[in-house]
$ cat run17.txt   # compact mmCIF, C-alpha atoms
# COMPACT_ATOMS: atom_id res chain seq x y z
CA MET B 1 -81.02 125.51 80.99
CA ASN B 2 -79.93 121.88 80.54
CA ARG B 3 -80.19 121.25 84.29
CA LEU B 4 -83.69 122.76 84.37
CA PHE B 5 -84.75 120.57 81.44
CA PHE B 6 -83.23 117.46 83.07
CA THR B 7 -84.96 118.23 86.39
CA ALA B 8 -88.31 118.81 84.65
CA LEU B 9 -87.91 115.55 82.73
CA LEU B 10 -87.16 113.63 85.92
CA ALA B 11 -90.14 115.23 87.66
CA LEU B 12 -92.38 114.17 84.77
CA LEU B 13 -91.03 110.62 84.98
CA ALA B 14 -91.67 110.63 88.73
CA CYS B 15 -95.30 111.56 88.11
CA LEU B 16 -95.66 108.67 85.71
CA ALA B 17 -93.81 106.22 87.97
CA TRP B 18 -95.17 103.26 89.80
CA ALA B 19 -96.72 104.08 93.20
CA GLY B 20 -95.90 102.36 96.49
CA PHE B 21 -97.98 99.81 98.35
CA ASP B 22 -101.61 100.61 98.97
CA PRO B 23 -102.52 99.96 102.62
CA ASP B 24 -106.05 99.03 101.50
CA THR B 25 -104.65 96.06 99.54
CA GLU B 26 -105.88 92.67 100.73
CA LEU B 27 -103.46 90.66 102.86
CA SER B 28 -101.81 87.63 101.28
CA SER B 29 -100.02 84.65 102.78
CA TYR B 30 -97.27 82.53 101.25
CA ARG B 31 -95.05 79.62 102.27
CA GLY B 32 -91.75 78.73 100.75
CA VAL B 33 -88.01 78.46 100.98
CA ILE B 34 -85.62 81.37 101.52
CA GLU B 35 -83.16 82.20 98.76
CA LEU B 36 -80.53 84.89 99.29
CA ARG B 37 -79.55 86.91 96.22
CA GLY B 38 -76.84 89.33 97.30
CA SER B 39 -78.44 91.62 99.87
CA GLN B 40 -81.96 90.60 98.79
CA THR B 41 -84.11 87.96 100.47
CA TRP B 42 -86.45 85.98 98.20
CA LEU B 43 -89.16 83.43 98.97
CA LEU B 44 -89.49 80.58 96.47
CA ASP B 45 -92.70 78.58 96.48
CA ASP B 46 -93.20 75.00 95.25
CA SER B 47 -93.70 76.16 91.67
CA GLY B 48 -90.37 78.00 91.72
CA ASP B 49 -91.98 81.43 91.56
CA GLY B 50 -90.18 83.99 93.66
CA LEU B 51 -91.20 86.94 95.80
CA ARG B 52 -88.69 89.56 96.88
CA LEU B 53 -89.32 89.94 100.61
CA LEU B 54 -89.27 93.45 102.05
CA LEU B 55 -88.50 92.63 105.66
CA ALA B 56 -86.97 95.25 107.98
CA PRO B 57 -83.47 96.71 108.25
CA ARG B 58 -80.81 94.07 108.98
CA GLY B 59 -79.95 95.80 112.27
CA LEU B 60 -83.54 95.50 113.46
CA LEU B 61 -83.79 91.85 112.41
CA ASP B 62 -80.54 91.15 114.30
CA SER B 63 -81.79 92.95 117.40
CA LEU B 64 -84.96 90.82 117.33
CA GLY B 65 -82.89 87.66 116.93
CA LEU B 66 -84.46 86.89 113.55
CA HIS B 67 -81.89 85.27 111.27
CA LEU B 68 -82.93 83.82 107.92
CA ALA B 69 -80.62 81.47 106.08
CA GLU B 70 -80.62 80.03 102.58
CA GLY B 71 -83.00 77.05 102.50
CA ASP B 72 -85.06 78.00 105.57
CA THR B 73 -88.76 77.22 105.20
CA VAL B 74 -90.96 80.12 106.28
CA ALA B 75 -94.48 81.46 106.02
CA VAL B 76 -95.19 85.18 105.50
CA GLU B 77 -98.23 87.43 105.60
CA GLY B 78 -98.39 90.92 104.15
CA TRP B 79 -98.99 92.85 100.93
CA ARG B 80 -97.92 91.86 97.44
CA LYS B 81 -97.29 94.07 94.43
CA ASN B 82 -95.92 92.11 91.48
CA GLU B 83 -92.74 90.35 92.75
CA LEU B 84 -92.41 92.59 95.83
CA PHE B 85 -93.85 91.39 99.13
CA LEU B 86 -94.04 93.74 102.12
CA VAL B 87 -93.85 91.37 105.09
CA GLY B 88 -96.03 92.05 108.12
CA ARG B 89 -95.68 88.70 109.91
CA LEU B 90 -93.17 85.89 109.45
CA TRP B 91 -93.22 82.35 110.81
CA GLN B 92 -89.94 80.43 110.79
CA GLU B 93 -91.59 77.07 111.43
CA ALA B 94 -94.86 75.79 110.04
CA ASP B 95 -96.26 74.84 113.46
CA ASP B 96 -95.14 78.07 115.16
CA SER B 97 -98.07 79.97 116.66
CA ASN B 98 -95.97 83.06 117.48
CA PRO B 99 -94.96 84.95 114.34
CA TRP B 100 -92.31 87.66 114.14
CA LEU B 101 -94.27 90.92 113.91
CA LEU B 102 -92.36 93.28 111.60
CA ARG B 103 -95.24 95.66 110.86
CA ASN B 104 -98.60 96.45 112.33
CA LEU B 105 -100.75 95.02 109.54
CA ASP B 106 -103.72 97.18 110.51
CA GLU B 107 -101.74 100.42 110.14
CA ALA B 108 -99.22 99.33 107.47
CA SER B 109 -96.32 100.64 109.53
CA LEU B 110 -93.19 99.23 111.12
CA GLN B 111 -93.81 97.91 114.60
CA THR B 112 -90.35 99.07 115.63
CA GLY B 113 -87.68 100.81 113.67
CA GLY B 114 -85.25 103.67 113.55
CA VAL B 115 -82.19 101.61 112.64
CA SER B 116 -81.94 102.01 108.87
CA ASP B 117 -78.44 102.71 107.52
CA TYR B 118 -79.71 104.33 104.29
CA ARG B 119 -78.98 108.05 103.96
CA VAL B 120 -79.34 110.77 101.31
CA ASN B 121 -76.28 112.78 100.33
CA GLY B 122 -77.80 116.27 100.12
CA GLY B 123 -74.94 117.49 97.97
CA LYS B 124 -75.83 115.01 95.23
CA CYS B 125 -79.66 114.93 95.50
CA ILE B 126 -81.43 116.87 92.73
CA GLY B 127 -84.93 116.47 94.21
CA CYS B 128 -86.32 114.52 91.24
CA LYS B 129 -88.68 112.48 93.50
CA LEU B 130 -88.15 109.25 91.55
CA CYS B 131 -87.18 107.49 94.77
CA VAL B 132 -90.33 108.76 96.51
CA SER B 133 -92.67 107.09 94.05
CA ARG B 134 -90.67 103.84 94.04
CA CYS B 135 -90.29 103.33 97.81
CA PRO B 136 -92.72 100.52 98.73
CA THR B 137 -92.95 101.55 102.39
CA GLY B 138 -93.33 105.31 101.92
CA ALA B 139 -90.07 105.94 103.78
CA ILE B 140 -88.81 108.63 101.39
CA SER B 141 -90.14 112.17 101.16
CA VAL B 142 -88.77 115.41 99.73
CA VAL B 143 -88.15 118.33 102.06
CA ASN B 144 -86.66 121.59 100.76
CA ARG B 145 -86.05 119.95 97.36
CA LYS B 146 -83.95 117.11 98.85
CA ALA B 147 -84.94 113.50 99.45
CA ARG B 148 -85.19 112.40 103.07
CA ILE B 149 -85.42 108.83 104.41
CA ASP B 150 -87.49 108.05 107.50
CA ALA B 151 -85.39 105.45 109.34
CA GLU B 152 -88.48 104.09 111.09
CA LEU B 153 -90.17 103.17 107.82
CA CYS B 154 -87.14 102.12 105.74
CA THR B 155 -86.73 98.35 105.29
CA GLU B 156 -83.39 98.68 103.46
CA CYS B 157 -84.91 96.89 100.47
CA GLY B 158 -82.41 98.65 98.20
CA ILE B 159 -84.89 99.73 95.52
CA CYS B 160 -83.88 103.39 95.89
CA ILE B 161 -80.22 102.45 95.28
CA GLU B 162 -80.34 99.34 93.06
CA GLY B 163 -83.66 99.95 91.33
CA TYR B 164 -86.43 97.54 90.46
CA GLY B 165 -87.94 96.81 87.05
CA LYS B 166 -87.38 99.74 84.70
CA PHE B 167 -86.31 102.02 87.56
CA ARG B 168 -82.52 101.78 87.89
CA GLY B 169 -82.16 103.48 91.26
CA CYS B 170 -81.25 107.05 92.10
CA PRO B 171 -80.09 108.62 88.81
CA VAL B 172 -77.35 110.64 90.55
CA GLY B 173 -76.28 108.15 93.23
CA ALA B 174 -77.45 110.37 96.09
CA ILE B 175 -78.75 107.52 98.27
CA GLU B 176 -76.08 105.60 100.12
CA LYS B 177 -75.85 102.87 102.73
CA GLU B 178 -73.60 103.87 105.64
$ encode --input "run17.txt" --output "structure tokens"
Amino acid sequence: MNRLFFTALLALLACLAWAGFDPDTELSSYRGVIELRGSQTWLLDDSGDGLRLLLAPRGLLDSLGLHLAEGDTVAVEGWRKNELFLVGRLWQEADDSNPWLLRNLDEASLQTGGVSDYRVNGGKCIGCKLCVSRCPTGAISVVNRKARIDAELCTECGICIEGYGKFRGCPVGAIEKE
């Protein structure tokens, strides 16, 4: 009975949770300096305001030869929701006319992918769907009452594990990075 109550409560919370990015949102552009905070990449503008950049999985960035370091000046274009910024294009130099294309901005999808190291431990997952509503790229779905991560959509932003805002990540620790 307690498990049923807990599952129902989590399902209710999932329904009330913040939704992911809306592909109809207007594109935004920002320039600033890269700041690395653990595994997170942030963009700080002149005013000191920060955006948490949702890039692509580290393996994909490495395969493209895109390496961002603390203090790099970049320009980005994509979608913003509060402090989260889903990057579509990234310029490493202000005068660069050839941006890194991380997502097709017309379709709101990864241009390439399939290299995410995030996995769901089916033995731990309780199917609460909290991670589904919090994933900004729509990479998580629930199949047969277990969360599933689409490696082609996952940017390894860490929200499903670490949380963001009031969401503290998977309540049972079912999502892991290999």
$ atom_distance --input "run17.txt" --atom1 "CA of Asn144 (chain B)" --atom2 "CA of Gly123 (chain B)"
12.7 Å
$ closest_residue --input "run17.txt" --among "B:Cys128, B:Thr155, B:Leu27, B:Lys81" --to "Leu55 (chain B)" --atoms "all atoms listed in the file"
B:Thr155
$ residues_around --input "run17.txt" --residues "Ile161 (chain B)" --least-positions-apart "5" --cutoff "10 Å" --atoms "all atoms listed in the file" --output "VMD selection string"
chain B and resid 118 131 156 167 to 177
$ residues_around --input "run17.txt" --residues "Leu86 (chain B)" --least-positions-apart "3" --cutoff "8 Å" --atoms "all atoms listed in the file" --output "ChimeraX atom specification"
/B:53-55,78-80,136-137
$ axis_aligned_box --input "run17.txt" --around "region 141-150 of chain B" --padding-each-side "8 Å" --output "AutoDock Vina command-line options"
--center_x -87.0 --center_y 114.8 --center_z 102.4 --size_x 22.2 --size_y 29.5 --size_z 26.1
$ residues_around --input "run17.txt" --residues "Asp49 (chain B)" --least-positions-apart "5" --cutoff "12 Å" --atoms "only C-alpha atoms" --output "PyMOL selection string"
chain B and resi 30-35+42-44+82-84
$ atom_distance --input "run17.txt" --atom1 "CA of Gly38 (chain B)" --atom2 "CA of Ile159 (chain B)"
13.3 Å
$ atom_distance --input "run17.txt" --atom1 "CA of Arg103 (chain B)" --atom2 "CA of Gly88 (chain B)"
4.6 Å
$ closest_residue --input "run17.txt" --among "B:Gly138, B:Gly71, B:Gly122, B:Gly165" --to "Asp45 (chain B)" --atoms "only C-alpha atoms"
B:Gly71
$ closest_residue --input "run17.txt" --among "B:Gly127, B:Gly65, B:Gly59, B:Gly50" --to "Trp100 (chain B)" --atoms "all atoms listed in the file"
B:Gly65
$ closest_residue --input "run17.txt" --among "B:Asp150, B:Asp96, B:Glu77, B:Glu162" --to "Asp117 (chain B)" --atoms "all atoms listed in the file"
B:Asp150
